[in-house]
Structures are given as C-alpha cells and as structure tokens.
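File shown: protein_32.txt (compact mmCIF, C-alpha atoms and all ligand atoms).
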# COMPACT_ATOMS: atom_id res chain seq x y z
CA MET A 1 88.81 54.83 136.35
CA THR A 2 90.58 54.91 139.73
CA HIS A 3 92.45 51.67 140.40
CA ILE A 4 92.39 49.98 143.78
CA THR A 5 95.22 50.84 146.20
CA GLU A 6 98.21 48.69 147.14
CA ASP A 7 96.59 48.32 150.55
CA GLU A 8 93.49 46.83 148.91
CA ARG A 9 95.45 44.57 146.54
CA GLN A 10 97.52 43.08 149.32
CA GLY A 11 94.54 42.85 151.65
CA LEU A 12 92.53 41.00 149.01
CA ALA A 13 95.40 38.63 148.35
CA ASP A 14 95.95 37.62 151.97
CA GLY A 15 92.37 38.05 153.17
CA THR A 16 93.03 40.84 155.67
CA LEU A 17 90.85 43.45 153.92
CA ASP A 18 87.62 44.14 155.82
CA ALA A 19 84.22 43.15 154.39
CA ASP A 20 83.23 46.57 153.01
CA GLY A 21 86.65 47.11 151.47
CA THR A 22 86.55 43.65 149.96
CA ALA A 23 83.15 44.21 148.36
CA ALA A 24 84.24 47.48 146.74
CA ALA A 25 87.56 46.06 145.57
CA VAL A 26 85.98 42.94 144.09
CA ALA A 27 83.55 45.18 142.18
CA HIS A 28 86.55 47.00 140.71
CA LEU A 29 88.33 43.79 139.76
CA ALA A 30 85.27 42.77 137.73
CA GLN A 31 85.84 45.79 135.51
CA CYS A 32 89.64 46.08 135.48
CA ASP A 33 91.80 43.34 134.00
CA ALA A 34 95.05 44.99 135.12
CA CYS A 35 94.09 45.04 138.81
CA ALA A 36 92.54 41.57 138.56
CA ALA A 37 95.74 40.16 137.05
CA ASP A 38 97.86 41.82 139.73
CA VAL A 39 95.72 40.45 142.56
CA THR A 40 95.80 37.00 140.97
CA GLN A 41 99.60 37.10 140.91
CA LEU A 42 99.73 38.15 144.53
CA ARG A 43 97.36 35.33 145.44
CA THR A 44 99.50 32.84 143.56
CA LEU A 45 102.50 34.00 145.57
CA MET A 46 100.48 33.60 148.80
CA HIS A 47 99.66 30.00 147.87
CA GLN A 48 103.25 29.33 146.95
CA LEU A 49 104.46 30.65 150.29
CA HIS A 50 101.80 28.72 152.14
CA ASP A 51 102.61 25.44 150.41
CA SER A 52 106.38 25.80 150.35
CA PRO A 53 108.24 22.98 152.07
CA PRO A 54 110.76 24.03 154.73
CA PRO A 55 114.32 24.56 153.50
CA SER A 56 116.20 21.28 153.27
CA SER A 57 117.61 20.46 156.67
CA PRO A 58 121.31 19.91 157.37
CA ASN A 59 122.47 16.34 156.70
CA ASP A 60 123.16 13.86 159.50
CA SER A 61 126.82 14.66 159.82
CA ALA A 62 126.07 18.39 159.98
CA ILE A 63 123.54 17.68 162.73
CA GLU A 64 126.20 15.71 164.63
CA GLU A 65 128.75 18.46 164.16
CA LEU A 66 126.32 21.07 165.37
CA TRP A 67 125.53 19.05 168.47
CA THR A 68 129.20 18.54 169.23
CA THR A 69 129.72 22.28 169.16
CA ILE A 70 126.59 23.00 171.18
CA ARG A 71 127.61 20.46 173.82
CA ALA A 72 131.13 21.88 174.00
CA ARG A 73 129.71 25.36 174.43
CA ILE A 74 127.38 24.21 177.19
CA GLU A 75 130.22 22.37 178.92
CA ALA A 76 132.57 25.32 178.53
CA ARG A 77 129.94 27.53 180.06
CA LYS A 78 129.61 25.27 183.08
CA VAL A 79 133.34 25.35 183.48
CA VAL A 80 133.63 29.08 183.11
CA GLU A 81 131.49 29.21 186.22
CA LEU A 82 133.82 26.73 187.87
CA SER A 83 137.00 28.61 187.12
CA ALA A 84 135.41 31.96 187.82
CA ALA A 85 134.72 30.88 191.41
CA PRO A 86 136.87 32.55 194.05
CA PRO A 87 139.46 29.90 194.96
CA THR A 88 139.18 30.22 198.74
CA HIS A 89 135.42 30.10 198.88
CA VAL A 90 133.74 26.74 199.17
CA ALA A 91 130.43 28.13 198.02
CA ALA A 92 130.08 28.82 194.28
CA VAL A 93 132.51 26.13 193.19
CA THR A 94 130.22 24.61 190.63
CA ARG A 95 126.84 25.33 189.02
CA SER A 96 125.38 28.43 190.52
CA GLY A 97 123.02 27.76 193.36
CA HIS A 98 124.36 24.37 194.20
CA TRP A 99 126.99 25.36 196.74
CA HIS A 100 124.57 27.60 198.41
CA VAL A 101 123.06 24.46 199.90
CA TRP A 102 126.39 23.56 201.39
CA ARG A 103 126.79 26.95 203.01
CA VAL A 104 123.30 26.97 204.47
CA ALA A 105 123.56 23.39 205.68
CA ALA A 106 126.94 24.10 207.21
CA ALA A 107 125.52 27.05 209.09
CA VAL A 108 122.59 24.99 210.36
CA VAL A 109 124.86 22.23 211.54
CA ALA A 110 127.14 24.74 213.20
CA VAL A 111 124.28 26.17 215.18
CA ALA A 112 122.99 22.75 216.15
CA ALA A 113 126.29 21.19 217.13
CA ALA A 114 129.17 23.16 218.55
CA GLY A 115 131.54 20.39 217.48
CA VAL A 116 131.53 21.42 213.84
CA VAL A 117 131.91 25.15 214.20
CA ALA A 118 135.10 24.76 212.21
CA ILE A 119 133.05 24.19 209.08
CA VAL A 120 131.74 27.72 209.19
CA GLN A 121 135.12 29.09 210.16
CA PHE A 122 136.89 27.75 207.16
CA HIS A 123 134.56 29.64 204.90
CA SER A 124 136.10 32.85 206.06
CA ARG A 125 139.53 31.38 206.79
CA PRO A 126 140.13 28.62 204.29
CA VAL A 127 143.06 26.93 206.01
CA THR A 128 141.78 27.13 209.55
CA THR A 129 142.56 23.94 211.37
CA ALA A 130 139.59 22.55 213.20
CA ALA A 131 139.76 23.08 216.93
CA GLY A 132 141.81 20.36 218.58
CA SER A 133 142.68 18.51 215.40
CA PRO A 134 146.32 17.73 214.72
CA ALA A 135 148.18 19.90 212.25
CA SER A 136 147.63 17.32 209.51
CA ALA A 137 146.16 20.02 207.28
CA SER A 138 148.97 21.31 205.16
CA PRO A 139 149.04 25.06 204.63
CA ALA A 140 147.59 26.09 201.30
CA ALA A 141 150.86 27.62 200.14
CA SER A 142 152.86 24.43 200.40
CA ALA A 143 150.02 22.34 199.00
CA GLN A 144 149.77 24.39 195.79
CA PRO A 145 152.67 22.85 193.79
CA ALA A 146 151.53 19.33 194.56
CA LEU A 147 148.00 20.17 193.52
CA LEU A 148 149.12 21.75 190.29
CA GLN A 149 151.20 18.71 189.52
CA ALA A 150 148.33 16.44 190.33
CA SER A 151 146.05 18.48 188.16
CA ASP A 152 147.85 17.41 185.03
CA SER A 153 148.04 13.79 185.98
CA SER A 154 144.89 11.79 186.45
CA ARG A 155 146.68 9.02 188.34
CA ALA A 156 148.29 11.31 190.88
CA TYR A 157 144.97 13.01 191.26
CA GLN A 158 143.17 9.70 191.80
CA GLN A 159 145.69 8.69 194.47
CA GLN A 160 145.34 11.93 196.36
CA VAL A 161 141.58 11.78 196.09
CA GLN A 162 141.45 8.20 197.32
CA GLN A 163 143.65 9.01 200.28
CA LEU A 164 141.51 11.96 201.24
CA LEU A 165 138.31 9.96 200.73
CA ASP A 166 139.67 7.23 203.02
CA GLU A 167 140.41 9.76 205.70
CA ILE A 168 136.99 11.33 205.35
CA GLU A 169 135.35 7.91 205.50
CA MET A 170 136.94 7.31 208.89
CA GLN A 171 135.74 10.66 210.13
CA ARG A 172 132.19 10.49 208.80
CA ALA A 173 130.71 9.88 212.20
CA MET A 174 132.17 13.12 213.43
CA LEU A 175 130.79 15.11 210.53
CA GLY A 176 127.19 14.20 211.26
CA PRO A 177 124.62 12.92 208.75
CA THR A 178 123.47 16.29 207.36
CA THR A 179 126.96 17.54 206.61
CA THR A 180 127.95 14.18 205.16
CA ALA A 181 124.95 14.13 202.85
CA VAL A 182 125.61 17.67 201.65
CA ALA A 183 129.30 16.94 201.15
CA ASP A 184 128.45 13.81 199.16
CA SER A 185 126.11 15.76 196.96
CA ASP A 186 128.70 18.49 196.41
CA LEU A 187 131.36 15.93 195.59
CA SER A 188 129.10 14.22 193.11
CA ALA A 189 128.45 17.57 191.40
CA ILE A 190 132.17 18.12 190.95
CA ASP A 191 132.58 14.53 189.82
CA GLN A 192 129.92 15.07 187.21
CA ALA A 193 131.67 18.17 185.92
CA ILE A 194 134.94 16.25 185.83
CA ALA A 195 133.34 13.37 183.96
CA GLU A 196 131.86 15.73 181.40
CA LEU A 197 135.16 17.52 180.93
CA ARG A 198 136.99 14.23 180.51
CA ALA A 199 134.45 13.16 177.90
CA ALA A 200 134.88 16.49 176.12
CA LEU A 201 138.66 16.01 176.18
CA LEU A 202 138.33 12.55 174.69
CA ARG A 203 136.57 14.10 171.76
CA ASP A 204 138.95 17.04 171.57
CA PRO A 205 142.25 15.90 173.11
CA ASN A 206 144.27 18.92 172.02
CA ASN A 207 141.95 21.49 173.51
CA ALA A 208 144.22 23.35 175.92
CA ALA A 209 141.34 25.26 177.47
CA LEU A 210 139.54 22.03 178.34
CA ARG A 211 142.72 20.58 179.88
CA GLN A 212 143.16 23.68 181.97
CA LEU A 213 139.55 23.57 183.11
CA LEU A 214 139.82 19.90 183.96
CA ALA A 215 142.90 20.68 185.98
CA THR A 216 140.98 23.40 187.79
CA SER A 217 138.16 20.99 188.56
CA TYR A 218 140.60 18.40 189.93
CA GLN A 219 142.09 21.02 192.14
CA GLN A 220 138.68 22.12 193.36
CA LYS A 221 137.81 18.60 194.31
CA LEU A 222 141.06 18.20 196.19
CA ASP A 223 140.46 21.52 197.92
CA LEU A 224 137.02 20.44 198.96
CA LEU A 225 138.25 17.08 200.26
CA LYS A 226 141.02 18.75 202.24
CA ARG A 227 138.58 21.19 203.72
CA LEU A 228 136.25 18.39 204.70
CA ASN A 229 139.18 16.65 206.37
CA ASN A 230 140.10 19.81 208.18
CA ALA A 231 136.54 20.32 209.29
CA SER A 232 136.06 16.87 210.76
CA MET B 1 85.64 17.52 182.76
CA THR B 2 85.14 13.79 182.83
CA SER B 3 87.82 11.33 181.96
CA GLY B 4 85.69 10.33 178.95
CA ALA B 5 86.47 13.70 177.38
CA ASN B 6 89.99 12.55 176.70
CA ALA B 7 90.06 10.63 173.49
CA PRO B 8 92.44 7.69 173.73
CA ARG B 9 95.65 8.35 171.86
CA SER B 10 97.51 5.75 169.96
CA THR B 11 99.95 3.93 172.22
CA ALA B 12 102.93 4.79 170.07
CA ALA B 13 102.08 8.48 170.05
CA ALA B 14 101.46 8.45 173.80
CA ASP B 15 104.76 6.67 174.41
CA GLY B 16 106.59 9.10 172.16
CA ALA B 17 105.05 12.07 173.92
CA SER B 18 105.79 10.75 177.37
CA MET B 19 109.34 9.83 176.41
CA MET B 20 109.86 13.38 175.21
CA GLY B 21 108.21 14.61 178.42
CA ASP B 22 110.74 12.60 180.42
CA ALA B 23 113.59 13.98 178.33
CA VAL B 24 112.35 17.51 178.96
CA ARG B 25 112.17 16.96 182.72
CA LEU B 26 115.61 15.38 182.80
CA ALA B 27 117.07 18.14 180.66
CA GLN B 28 115.53 20.72 182.95
CA ALA B 29 117.30 19.01 185.82
CA GLY B 30 120.60 19.47 183.98
CA ASP B 31 120.88 16.17 182.10
CA LEU B 32 122.79 17.00 178.93
CA ARG B 33 122.08 13.64 177.36
CA ALA B 34 118.35 14.24 177.69
CA PHE B 35 118.84 17.69 176.22
CA GLU B 36 120.53 16.05 173.26
CA SER B 37 117.32 14.19 172.45
CA VAL B 38 115.41 17.47 172.65
CA TYR B 39 117.96 18.90 170.22
CA ARG B 40 117.56 15.99 167.81
CA ALA B 41 113.78 16.24 167.86
CA HIS B 42 113.74 19.96 167.09
CA VAL B 43 116.91 20.87 165.22
CA THR B 44 115.31 20.63 161.77
CA ALA B 45 112.53 23.08 162.58
CA VAL B 46 114.92 25.46 164.34
CA TYR B 47 117.32 25.34 161.40
CA ALA B 48 114.48 26.02 158.94
CA LEU B 49 113.45 29.09 160.92
CA CYS B 50 117.03 30.40 161.04
CA ARG B 51 117.72 29.64 157.40
CA ARG B 52 114.71 31.60 156.28
CA MET B 53 115.14 34.48 158.68
CA VAL B 54 118.78 35.14 157.75
CA GLY B 55 118.90 33.63 154.27
CA ASP B 56 122.36 32.15 154.73
CA ASP B 57 123.29 28.57 155.59
CA SER B 58 126.40 29.11 157.68
CA GLU B 59 124.89 32.02 159.58
CA ALA B 60 121.82 29.85 160.16
CA ARG B 61 123.97 27.06 161.64
CA ASP B 62 125.66 29.49 164.00
CA LEU B 63 122.24 30.65 165.09
CA VAL B 64 121.05 27.07 165.64
CA GLN B 65 123.94 26.73 168.11
CA ASP B 66 123.09 30.00 169.82
CA ILE B 67 119.45 29.01 170.13
CA PHE B 68 120.12 25.60 171.69
CA VAL B 69 122.75 27.00 174.05
CA ARG B 70 120.22 29.64 175.10
CA ALA B 71 117.50 26.99 175.37
CA TRP B 72 119.73 24.99 177.73
CA GLU B 73 120.27 28.05 179.89
CA LYS B 74 116.58 28.94 179.96
CA PHE B 75 115.20 25.43 180.03
CA ALA B 76 114.09 25.69 183.62
CA SER B 77 111.69 28.45 182.54
CA PHE B 78 109.87 26.14 180.10
CA ARG B 79 106.66 25.37 181.97
CA GLY B 80 104.88 23.32 179.36
CA GLU B 81 102.10 25.91 178.87
CA SER B 82 103.00 25.95 175.20
CA SER B 83 104.41 23.04 173.30
CA LEU B 84 108.16 22.69 173.37
CA ALA B 85 108.19 23.39 169.62
CA THR B 86 106.37 26.68 170.19
CA TRP B 87 108.64 27.61 173.09
CA LEU B 88 111.76 26.90 171.03
CA HIS B 89 110.33 28.79 168.07
CA ARG B 90 109.70 31.93 170.14
CA LEU B 91 113.06 31.71 171.80
CA GLY B 92 114.59 31.21 168.37
CA VAL B 93 112.90 34.28 166.90
CA ASN B 94 114.21 36.36 169.80
CA VAL B 95 117.75 35.05 169.46
CA ILE B 96 117.70 35.67 165.70
CA LEU B 97 116.37 39.22 166.05
CA GLU B 98 118.96 39.97 168.74
CA HIS B 99 121.66 38.65 166.45
CA LEU B 100 120.45 40.76 163.54
CA ARG B 101 120.28 43.86 165.70
CA THR B 102 123.91 43.52 166.68
CA SER B 103 125.46 41.95 163.61
CA ARG B 104 123.74 43.95 160.90
CA ARG B 105 123.37 47.43 162.12
CA ASP B 106 120.80 48.25 159.48
CA ALA B 107 118.91 44.98 159.36
CA LEU B 108 116.13 46.09 161.65
CA ARG B 109 116.07 49.79 160.95
CA PHE B 110 112.70 49.42 159.28
CA ALA B 111 111.47 52.78 160.44
CA ASP B 112 114.26 54.65 158.67
CA ASP B 113 113.83 52.66 155.54
CA PRO B 114 111.33 54.28 153.17
CA VAL B 115 109.47 51.62 151.29
CA ASP B 116 109.99 53.13 147.87
CA ASP B 117 113.69 53.66 148.48
CA VAL B 118 114.43 50.01 147.98
CA PRO B 119 117.73 48.89 146.55
CA ALA B 120 117.07 46.54 143.68
CA HIS B 121 118.68 43.83 145.76
CA GLY B 122 118.23 40.44 144.21
CA ALA B 123 116.00 41.69 141.44
CA SER B 124 118.60 42.42 138.83
CA ALA B 125 117.89 41.87 135.16
CA ALA B 126 120.30 38.93 135.22
CA GLU B 127 118.29 37.23 137.94
CA ARG B 128 115.07 37.82 136.12
CA ILE B 129 116.51 36.28 133.00
CA ASP B 130 117.79 33.41 135.10
CA ALA B 131 114.13 33.18 135.94
CA ARG B 132 113.44 30.00 137.79
CA LEU B 133 114.80 31.04 141.11
CA ASP B 134 113.33 28.80 143.70
CA LEU B 135 111.27 30.37 146.43
CA ASP B 136 113.81 29.87 149.22
CA ALA B 137 116.59 31.37 147.16
CA ALA B 138 114.35 34.32 146.37
CA ILE B 139 113.44 34.80 150.07
CA ALA B 140 117.14 34.67 150.91
CA ARG B 141 117.79 37.54 148.53
CA LEU B 142 115.25 39.88 150.06
CA PRO B 143 116.56 42.86 152.01
CA SER B 144 116.74 41.64 155.60
CA GLY B 145 114.02 43.87 157.01
CA ALA B 146 111.55 42.80 154.35
CA ARG B 147 112.61 39.16 154.68
CA ILE B 148 112.09 39.06 158.43
CA VAL B 149 108.59 40.48 158.21
CA LEU B 150 107.66 38.17 155.32
CA VAL B 151 108.93 35.06 157.11
CA LEU B 152 107.20 35.93 160.36
CA HIS B 153 103.90 37.04 158.78
CA ASP B 154 103.43 34.87 155.71
CA LEU B 155 105.27 31.71 156.81
CA HIS B 156 104.70 31.69 160.56
CA GLY B 157 101.42 33.55 160.89
CA TYR B 158 102.55 36.41 163.12
CA SER B 159 100.33 39.51 163.08
CA HIS B 160 101.75 42.95 162.35
CA ASP B 161 101.16 43.89 165.99
CA GLU B 162 103.23 40.91 167.15
CA ILE B 163 105.99 41.71 164.67
CA ALA B 164 105.93 45.32 165.84
CA ARG B 165 106.30 44.22 169.46
CA LEU B 166 109.18 41.85 168.65
CA THR B 167 111.13 44.18 166.42
CA GLY B 168 110.27 47.60 167.80
CA ILE B 169 108.89 48.91 164.52
CA ALA B 170 105.41 50.35 164.00
CA PRO B 171 102.69 47.96 162.77
CA GLY B 172 102.26 50.18 159.70
CA THR B 173 105.94 49.80 158.89
CA SER B 174 105.64 46.06 159.24
CA ARG B 175 102.76 46.09 156.78
CA ALA B 176 104.69 48.22 154.29
CA GLN B 177 107.72 45.94 154.58
CA LEU B 178 105.55 42.91 153.92
CA TRP B 179 104.11 44.36 150.73
CA ARG B 180 107.53 45.37 149.60
CA ALA B 181 108.80 41.84 150.28
CA ARG B 182 105.99 40.26 148.29
CA ARG B 183 106.56 42.60 145.35
CA HIS B 184 110.25 41.79 145.40
CA LEU B 185 109.51 38.09 145.41
CA MET B 186 107.12 38.42 142.48
CA ARG B 187 109.78 40.22 140.47
CA MET B 188 112.45 37.68 141.37
CA LEU B 189 110.17 34.79 140.54
CA ASP B 190 109.45 36.58 137.26
CA ARG B 191 105.78 37.04 137.30
ZN ZN C 1 92.17 48.74 138.22

Kindly return the structure encoded in the file as structure tokens.
Amino acid sequence: MTHITEDERQGLADGTLDADGTAAAVAHLAQCDACAADVTQLRTLMHQLHDSPPPSSPNDSAIEELWTTIRARIEARKVVELSAAPPTHVAAVTRSGHWHVWRVAAAVVAVAAAGVVAIVQFHSRPVTTAAGSPASASPAASAQPALLQASDSSRAYQQQVQQLLDEIEMQRAMLGPTTTAVADSDLSAIDQAIAELRAALLRDPNNAALRQLLATSYQQKLDLLKRLNNAS
Amino acid sequence: MTSGANAPRSTAAADGASMMGDAVRLAQAGDLRAFESVYRAHVTAVYALCRRMVGDDSEARDLVQDIFVRAWEKFASFRGESSLATWLHRLGVNVILEHLRTSRRDALRFADDPVDDVPAHGASAAERIDARLDLDAAIARLPSGARIVLVLHDLHGYSHDEIARLTGIAPGTSRAQLWRARRHLMRMLDR
C-alpha cells in the first residue's frame, strides 16, 4: 500500500488540500491506521495553535519602562534633526518641513513689501543688519560666548529671551502680520521642543546628551529672536 | 446606502472608538501624548507578535520599541483604510523581518536551507523527556526560518504567497518550512 504524501497529510490537517486530493486521501485514511493517526496528530496541533492564548504580556512596569525608552528615542530623534541643522540657516531649525513655511512666507513678504527685504537677506548672510537699523545687532562671533553660557543656565536664557521678546513686541508693527504669525508659529515649535527636552531631562537628569541638545535648542531660539530683531 | 444601514453601536464602544480616533489624529499631528495612548492600546498585541516571531523576551522588547518609533515616524501615512491594529501589525512584521535579516544572517535564508537538513534544534531527547513543554516555549525553540513561517501562517493567517512576498522566499519554500515547523513542534510537544 502506498501511503499518502507529506503534502497530503499537511493539506488535510489545515484544510488546504483540494477537493479531489481530499477525497483520495480520506479514502486512504480509512484503510491505514498509521496515516490516520499521523493526520489526527497534525490536526490536534492545528487546534492547539488556533486556540493558543497570546504570550503573556509584559507587566505594567515593563510597559512603562518601554514607553519611557520609546519616548526618549522619539525625542532624541527630533533633536538630532535640531542639532543637525546648519547653524546659520533659519530654515530647517526644527522638525523637517516646518521652517520651510518661514522661508516661503519671508520670500512672499519680501516681494510684497520692500521694507522687509532684510528678512530674505539674512538667510544668505546671517548677521546682516537690516537697512537703516542701528548697529544693535551684535556680531555672531562676539555673541557666541554669551549664548553658550546662557545655554547652560535656564535663568540667563529666560532673561535674554524676555529681553529679545520685548524688543520684538515693540517692532511687531514693522514686521507685518504675515511675518509675525509665521515667526510666532516658529517660536512655538522651538518652545515645544524645549519643553519636551526639559521634561525628558527631568526624568533623566544626568543625560549629558539631552543637556547638550537642550542647550542647542536654547541657542537656536536666541538666534531666531536675534534675527527677528535684526530683520525688523 | 441609507443611514438605516448603520446599526447603532453601543455608546461606550462608539465613545471609545472616537476617542481613539481623536488620539490617532492628534498623534498624526505630532502630539506625543496622544501617541502614548495609541501605544498603550496596542503594546500587548505588538509584543505578542514580536515575542512569537523572535522567541526571546528581551529581543521582543527591543523590537516593540523599534516598531513604535517607526510607527511614530510613519504615522502620517496611516490613512485609516485598515484598522490601526492591522496597520501596526503589518508595520511590525516588516520591522521584525528587517531586524532578522540584519541581526541573524541566516535567519531568513530559507532558500538555502534544505528541509531535511534540519538541526535537531530544540528537539533533543532531554526536551522530549521533559515533555510538557508549553506551546510558546516550543515555538520559541524552532529554527527561526521555520518559526517565522509558522507564526505568520498558522497564527496570523498569512498565505504562502504573502509570506513569500514579505520574506523573498519562494511559496514552495514557505510551505516546506511550515511543515517542518509543525513536525518539530509535534516532536517537542511529545506526540
Ligand atoms: Zn498510509
């Protein structure tokens, strides 16, 4: 007697054997205890697999731990983009795509109103002083040490930021509504990144990479504010 | 279609679904807190998939991280044509297979792996004596190629053609690996 093939056994067990094949194989099983027993065992395994509960899930604290790591990785990724941005380029400071808006809007405004041509200029020449404005804009070179200092001290940073924000507030009218709106949106994006980094640091205070990235974000915000001041 | 065709859902279920819908939209807009609720709703299923595909708890946890980080990056591409669970599952399978391709050079070399040249991995006499291996432990001990095909086909209902497309092996190889996996399991479970 020729026994049924492995193909037929497995196909019978999981129901993938075609109708003709099934009929012939079942006829064989009726006469052959060995094949019938084998197919029964395979079927039992199929049922067992089908009914098996999922593997026990990680406990609550493992789920928390996993999320903490996932969040840190997502935040780190955001920040890699931040620190990877060319320092003199306003576009591409934060999440990809976002600063694009600023660049486009700046160009539109520049075309519409000759008064803010400086906005476009400082994209190519970061420390360009706006036409006619006093030399209040400090050259980037001399500003660097102060910024680096500020970057490690939230309070110094907050003071600098507030001062720059005050100046910008007074000059809003000159910036025009479109530019102001775009600048606000860009600032809030950096603020969000800063807030997330600060939260991450609270959870992981000794993480040097996070501190460095936070410092970079502070500096980027200061850079942006200074540029806005220069542009207005 | 008339509005009458939509059977009313229970309020709680509808609220739950719409809350998750809101979380998905917020997460797609970059809200990490909303993404956290997506994570919490799906982490168990994603972990189960990883655990079975790789057979190891700590490797599975690493993969859970990779999958949710990838999901965050790709979340904008989730269009709601499939359920979020299905979308995450598919993304998960891809991340796991990618990981196996790079981390275990031989894990996916099904084609070079003759079915009858199987190492007696996990089916030692000692294990057979220690008979009552539970099913998950037995699946974990399968050779990785056989395990992947078994998990995808017998536990998640993938066809051999789908497995072939995902892994780059021939459908016939997928079939042979599946049989081999089932035979291994039967030996390990001592029947
Ligand atoms: Zn027979």

- Using only C-alpha atoms and all ligand atoms, what are the residues with an atom within 8 Å of ligand ZN 1 (chain C), set out as a ChimeraX atom specification? /A:1-4,28-29,31-36

Using all atoms listed in the file, what does the table of chain A residues within 8 Å of chain B look like, with each row giving the shortest atom pair and its distance in Å to one decimal, sorted by chain and ascending number, as JSON lines?
{"residue": "A:Gln10", "atom": "CA", "partner": "B:Trp179", "partner_atom": "CA", "distance": 6.9}
{"residue": "A:Gln41", "atom": "CA", "partner": "B:Arg191", "partner_atom": "CA", "distance": 7.2}
{"residue": "A:Leu42", "atom": "CA", "partner": "B:Arg182", "partner_atom": "CA", "distance": 7.6}
{"residue": "A:Leu45", "atom": "CA", "partner": "B:Met186", "partner_atom": "CA", "distance": 7.1}
{"residue": "A:Met46", "atom": "CA", "partner": "B:Asp154", "partner_atom": "CA", "distance": 7.6}
{"residue": "A:Leu49", "atom": "CA", "partner": "B:Leu155", "partner_atom": "CA", "distance": 6.7}
{"residue": "A:His50", "atom": "CA", "partner": "B:Leu155", "partner_atom": "CA", "distance": 6.5}
{"residue": "A:Ser52", "atom": "CA", "partner": "B:Leu135", "partner_atom": "CA", "distance": 7.8}
{"residue": "A:Pro54", "atom": "CA", "partner": "B:Ala48", "partner_atom": "CA", "distance": 6.0}
{"residue": "A:Pro55", "atom": "CA", "partner": "B:Ala48", "partner_atom": "CA", "distance": 5.6}
{"residue": "A:Ser56", "atom": "CA", "partner": "B:Ala48", "partner_atom": "CA", "distance": 7.6}
{"residue": "A:Ser57", "atom": "CA", "partner": "B:Thr44", "partner_atom": "CA", "distance": 5.6}
{"residue": "A:Pro58", "atom": "CA", "partner": "B:Thr44", "partner_atom": "CA", "distance": 7.5}
{"residue": "A:Ile63", "atom": "CA", "partner": "B:Val43", "partner_atom": "CA", "distance": 7.8}
{"residue": "A:Leu66", "atom": "CA", "partner": "B:Gln65", "partner_atom": "CA", "distance": 6.7}
{"residue": "A:Trp67", "atom": "CA", "partner": "B:Glu36", "partner_atom": "CA", "distance": 7.5}
{"residue": "A:Thr69", "atom": "CA", "partner": "B:Gln65", "partner_atom": "CA", "distance": 7.4}
{"residue": "A:Ile70", "atom": "CA", "partner": "B:Gln65", "partner_atom": "CA", "distance": 5.5}
{"residue": "A:Arg71", "atom": "CA", "partner": "B:Leu32", "partner_atom": "CA", "distance": 7.8}
{"residue": "A:Arg73", "atom": "CA", "partner": "B:Val69", "partner_atom": "CA", "distance": 7.2}
{"residue": "A:Ile74", "atom": "CA", "partner": "B:Val69", "partner_atom": "CA", "distance": 6.3}

- Message: With distances taken over only C-alpha atoms, which residue among B:Glu98, B:Ala170, B:Ser77, B:Gly55 lies nearest Arg25 (chain B)?
- Response: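 Of the candidates, the smallest distance to Arg25 (chain B) is held by B:Ser77.
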
- Message: Using all atoms listed in the file for the distances, tell me which of B:Ala76, B:Leu97, B:Met188, B:Ala41 is nearest to Leu63 (chain B).
- Response: B:Leu97

- Task: Mind checking which residues fall within 9 Å of Ile190 (chain A), counting only C-alpha atoms, ignoring those fewer than 2 positions away in the same chain, and posting them as a PyMOL selection string?
- Result: chain A and resi 93-94+185-188+192-195+217-218+220-221

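The space separating CA of Pro171 (chain B) from CA of Gly11 (chain A) comes to 14.7 Å.
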
Restore all heavy atoms in region 37-42 of chain B and list the result as a compact mmCIF listing (two decimals), in the coordinates of the input.
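Okay, this is what ended up in result.txt:
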# COMPACT_ATOMS: atom_id res chain seq x y z
N SER B 37 118.48 14.74 173.17
CA SER B 37 117.32 14.19 172.45
C SER B 37 116.32 15.29 172.12
O SER B 37 115.63 15.23 171.09
CB SER B 37 116.68 13.04 173.23
OG SER B 37 116.17 13.50 174.45
N VAL B 38 116.24 16.30 172.98
CA VAL B 38 115.41 17.47 172.65
C VAL B 38 115.98 18.15 171.40
O VAL B 38 115.24 18.51 170.47
CB VAL B 38 115.38 18.47 173.84
CG1 VAL B 38 114.74 19.79 173.42
CG2 VAL B 38 114.64 17.86 175.03
N TYR B 39 117.30 18.30 171.38
CA TYR B 39 117.96 18.90 170.22
C TYR B 39 117.62 18.12 168.95
O TYR B 39 117.21 18.69 167.94
CB TYR B 39 119.47 18.94 170.45
CG TYR B 39 120.30 19.12 169.19
CD1 TYR B 39 120.49 20.38 168.64
CD2 TYR B 39 120.88 18.02 168.56
CE1 TYR B 39 121.24 20.55 167.48
CE2 TYR B 39 121.63 18.17 167.40
CZ TYR B 39 121.80 19.43 166.86
OH TYR B 39 122.53 19.59 165.72
N ARG B 40 117.77 16.81 169.01
CA ARG B 40 117.56 15.99 167.81
C ARG B 40 116.12 16.07 167.31
O ARG B 40 115.86 16.02 166.13
CB ARG B 40 117.97 14.55 168.06
CG ARG B 40 119.47 14.42 168.18
CD ARG B 40 119.95 13.00 168.34
NE ARG B 40 121.37 12.99 168.66
CZ ARG B 40 122.34 13.20 167.78
NH1 ARG B 40 122.04 13.40 166.52
NH2 ARG B 40 123.61 13.22 168.16
N ALA B 41 115.19 16.19 168.25
CA ALA B 41 113.78 16.24 167.86
C ALA B 41 113.43 17.59 167.21
O ALA B 41 112.49 17.66 166.42
CB ALA B 41 112.88 16.00 169.08
N HIS B 42 114.18 18.63 167.52
CA HIS B 42 113.74 19.96 167.09
C HIS B 42 114.71 20.70 166.18
O HIS B 42 114.41 21.78 165.70
CB HIS B 42 113.44 20.83 168.32
CG HIS B 42 112.25 20.34 169.09
ND1 HIS B 42 110.95 20.66 168.75
CD2 HIS B 42 112.17 19.52 170.16
CE1 HIS B 42 110.13 20.06 169.59
NE2 HIS B 42 110.83 19.36 170.45
